[in-house]
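Everything on this sheet refers to the single structure shown next.
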Amino acid sequence: VHLFDRSARVRACARRLVGQGGGDPHEHYRRLVAEPAGPSPYAVAGLAECGRSEDVPLLRELLAHPVGRVRAAAVAGLRRLDAVVDDTTLLALLDDPAAPVVREATRSLLPVAGRLDAEYLADRCRARRPVATRRAGFRLLRGRGGPVELRVCVGLSKDWNLALRREAQAAVRTWDWQSALSAQEADAAHLGALLDRVNHVFEPFELALLRRRLGLDG
């Protein structure tokens, strides 16, 4: 039973003891994952911890499992095994109804966030989306720079979700507005309109100074 304990440390100890007793922990995990009643997510995690590439196809099948935590464990397991999962599959998981799946998909996408479609990520941030999806989209969008990220940060600066609102406001305050103008990501009038939408983020003197630097009137 300890082979599929929720603690990774306990699972590791159990595997060592099973091995010392002449058993094969990997085969135990294979059987546990194949149980008709459905695998425990911790059995899926244990299977990935055995580190065998031959288990990749089985973990891929579990991406469609009806239990969210099993799907999440499969995503984490594939990442642990350095198995290639195409961006399209992982992006689709950002809309998964189970928050743990969304979080694991986000972790897998973070190293390649720069090549993802910024508009797709921005759409995940819309208010009609589940909170987990919105957080994932914003997390993957952050740090890219450019007009899409700025637009989303401005939009979220008054968001109902406190965590998203605070992160968006912090991004707006530290945004390099002058570089955005110099890089012609937007003209001064457009940046001025965005500043009007985030005047609640700045002190009046800060806003006036920023507008002057952008060549805007008072």
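Scheme for the structure tokens: letters A, B, ... for chains in order shown; per-chain residue numbers from 1; ligand numbers from 1 in order shown.
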TODO: Quick one: everything within 6 Å of stretch 135-147 of chain A, counting only C-alpha atoms, minus sequence neighbours fewer than 6 positions away in the same chain. Send it as a PyMOL selection string.
DONE: chain A and resi 106+113+121+124-125
Can I get the selection written as a PDB file, in the first residue's frame, with C-alpha atoms?
ATOM      1  CA  THR A 106       1.283  25.099 -17.205  1.00  0.00           C
ATOM      2  CA  ALA A 113       6.198  29.892 -23.228  1.00  0.00           C
ATOM      3  CA  LEU A 121      -2.936  32.854 -23.961  1.00  0.00           C
ATOM      4  CA  ARG A 124      -7.435  32.185 -21.587  1.00  0.00           C
ATOM      5  CA  CYS A 125      -7.290  35.246 -19.305  1.00  0.00           C
TER       6      CYS A 125
END
Open item on the list: Taking the DSSP secondary structure from the backbone, can you list the residues of stretch 48-129 of chain A that are helix (DSSP H, G or I), as a ChimeraX atom specification?
Closed with: /A:48-49,53-64,68-80,87-95,99-115,118-124
Task: Distance in Å - atom CA of A:Val33 versus atom CA of A:Asp86 - done: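 Between atom CA of A:Val33 and atom CA of A:Asp86 the gap is 23.5 Å.
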Open item on the list: Give me the residues near A:Val172 as an NGL selection string, where near means some atom within 10 Å (using only C-alpha atoms) and where sequence neighbours in that chain fewer than 6 positions away do not count.
Closed with: :A and (149-154 or 156-157 or 166 or 195 or 198 or 201-202)
Open item on the list: Residues within 12 Å of A:Ser182, please, as a PyMOL selection string. Count only C-alpha atoms; anything in the same chain fewer than 6 positions from it doesn't count.
Closed with: chain A and resi 146+176+188+191+213-215
If you keep N, CA, C and O atoms, can you produce a file of those selected residues as a PDB file, in the first residue's frame?
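The file below, part.pdb, is the result:
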ATOM      1  N   GLY A 146       5.737  43.062 -24.996  1.00  0.00           N
ATOM      2  CA  GLY A 146       4.929  43.244 -26.196  1.00  0.00           C
ATOM      3  C   GLY A 146       3.518  43.714 -25.907  1.00  0.00           C
ATOM      4  O   GLY A 146       3.058  43.716 -24.754  1.00  0.00           O
ATOM      5  N   ASP A 176       7.959  49.045 -19.048  1.00  0.00           N
ATOM      6  CA  ASP A 176       8.809  50.039 -19.708  1.00  0.00           C
ATOM      7  C   ASP A 176       8.005  50.692 -20.834  1.00  0.00           C
ATOM      8  O   ASP A 176       8.103  50.307 -21.994  1.00  0.00           O
ATOM      9  N   ALA A 188       1.838  56.846 -29.312  1.00  0.00           N
ATOM     10  CA  ALA A 188       1.664  57.535 -28.045  1.00  0.00           C
ATOM     11  C   ALA A 188       0.197  57.650 -27.653  1.00  0.00           C
ATOM     12  O   ALA A 188      -0.157  57.513 -26.479  1.00  0.00           O
ATOM     13  N   LEU A 191      -0.944  54.364 -26.170  1.00  0.00           N
ATOM     14  CA  LEU A 191      -0.404  54.178 -24.826  1.00  0.00           C
ATOM     15  C   LEU A 191      -1.088  55.118 -23.835  1.00  0.00           C
ATOM     16  O   LEU A 191      -1.331  54.746 -22.684  1.00  0.00           O
ATOM     17  N   ARG A 213       6.769  61.991 -20.280  1.00  0.00           N
ATOM     18  CA  ARG A 213       7.847  61.246 -20.928  1.00  0.00           C
ATOM     19  C   ARG A 213       7.401  60.620 -22.239  1.00  0.00           C
ATOM     20  O   ARG A 213       8.203  60.383 -23.144  1.00  0.00           O
ATOM     21  N   LEU A 214       6.111  60.311 -22.333  1.00  0.00           N
ATOM     22  CA  LEU A 214       5.577  59.725 -23.553  1.00  0.00           C
ATOM     23  C   LEU A 214       5.124  60.780 -24.574  1.00  0.00           C
ATOM     24  O   LEU A 214       4.644  60.455 -25.632  1.00  0.00           O
ATOM     25  N   GLY A 215       5.320  62.053 -24.188  1.00  0.00           N
ATOM     26  CA  GLY A 215       4.941  63.125 -25.097  1.00  0.00           C
ATOM     27  C   GLY A 215       3.468  63.430 -25.096  1.00  0.00           C
ATOM     28  O   GLY A 215       2.945  63.972 -26.083  1.00  0.00           O
TER      29      GLY A 215
END
Task: Å distance separating atom CA of A:Ala43 from atom CA of A:Tyr29, one decimal place - done: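 We find that atom CA of A:Ala43 and atom CA of A:Tyr29 lie 6.0 Å from each other.
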Who sits within 12 Å of A:Leu58, only C-alpha atoms, same chain under 6 positions skipped, as an mmCIF file with N, CA and C atoms, in the first residue's frame:
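Done, and the output landed in out.cif:
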data_model
loop_
_atom_site.group_PDB
_atom_site.id
_atom_site.type_symbol
_atom_site.label_atom_id
_atom_site.label_comp_id
_atom_site.auth_asym_id
_atom_site.auth_seq_id
_atom_site.Cartn_x
_atom_site.Cartn_y
_atom_site.Cartn_z
ATOM 1 N N TYR A 29 3.747 -1.213 -9.979
ATOM 2 C CA TYR A 29 3.118 0.013 -10.459
ATOM 3 C C TYR A 29 2.343 -0.219 -11.753
ATOM 4 N N ARG A 30 2.911 -1.007 -12.626
ATOM 5 C CA ARG A 30 2.215 -1.299 -13.895
ATOM 6 C C ARG A 30 0.861 -1.954 -13.611
ATOM 7 N N ARG A 31 0.846 -2.878 -12.653
ATOM 8 C CA ARG A 31 -0.409 -3.545 -12.307
ATOM 9 C C ARG A 31 -1.389 -2.577 -11.641
ATOM 10 N N VAL A 33 -1.598 0.636 -12.030
ATOM 11 C CA VAL A 33 -2.099 1.596 -13.010
ATOM 12 C C VAL A 33 -3.126 0.944 -13.930
ATOM 13 N N ALA A 34 -2.987 -0.362 -14.139
ATOM 14 C CA ALA A 34 -3.899 -1.073 -15.039
ATOM 15 C C ALA A 34 -5.131 -1.620 -14.335
ATOM 16 N N PRO A 39 -6.573 3.720 -11.699
ATOM 17 C CA PRO A 39 -5.353 3.886 -10.915
ATOM 18 C C PRO A 39 -5.463 5.045 -9.926
ATOM 19 N N VAL A 44 0.327 6.413 -10.357
ATOM 20 C CA VAL A 44 0.826 6.981 -11.622
ATOM 21 C C VAL A 44 2.124 7.731 -11.363
ATOM 22 N N LEU A 47 4.905 5.257 -10.813
ATOM 23 C CA LEU A 47 5.362 4.652 -12.063
ATOM 24 C C LEU A 47 6.354 5.569 -12.770
ATOM 25 N N ALA A 48 6.039 6.866 -12.819
ATOM 26 C CA ALA A 48 6.954 7.812 -13.467
ATOM 27 C C ALA A 48 8.261 7.921 -12.694
ATOM 28 N N ARG A 52 11.243 4.884 -16.445
ATOM 29 C CA ARG A 52 11.418 4.020 -17.616
ATOM 30 C C ARG A 52 10.658 4.591 -18.818
ATOM 31 N N ALA A 64 -6.304 11.077 -21.058
ATOM 32 C CA ALA A 64 -7.744 11.096 -21.328
ATOM 33 C C ALA A 64 -8.537 10.389 -20.226
ATOM 34 N N HIS A 65 -7.900 10.093 -19.094
ATOM 35 C CA HIS A 65 -8.586 9.396 -18.003
ATOM 36 C C HIS A 65 -9.700 10.277 -17.433
ATOM 37 N N ARG A 71 -5.219 12.403 -14.538
ATOM 38 C CA ARG A 71 -4.719 13.140 -15.704
ATOM 39 C C ARG A 71 -3.548 14.048 -15.312
ATOM 40 N N ALA A 74 -0.460 12.095 -14.806
ATOM 41 C CA ALA A 74 0.099 11.659 -16.087
ATOM 42 C C ALA A 74 0.905 12.783 -16.738
ATOM 43 N N VAL A 75 0.379 14.006 -16.687
ATOM 44 C CA VAL A 75 1.112 15.145 -17.241
ATOM 45 C C VAL A 75 2.438 15.327 -16.505
ATOM 46 N N GLY A 77 4.043 13.084 -14.824
ATOM 47 C CA GLY A 77 4.905 11.936 -15.094
ATOM 48 C C GLY A 77 5.603 12.046 -16.432
ATOM 49 N N LEU A 78 4.890 12.496 -17.442
ATOM 50 C CA LEU A 78 5.508 12.677 -18.751
ATOM 51 C C LEU A 78 6.613 13.726 -18.695
ATOM 52 N N ALA A 83 9.416 13.226 -21.628
ATOM 53 C CA ALA A 83 8.706 12.779 -22.830
ATOM 54 C C ALA A 83 8.166 13.990 -23.578
#
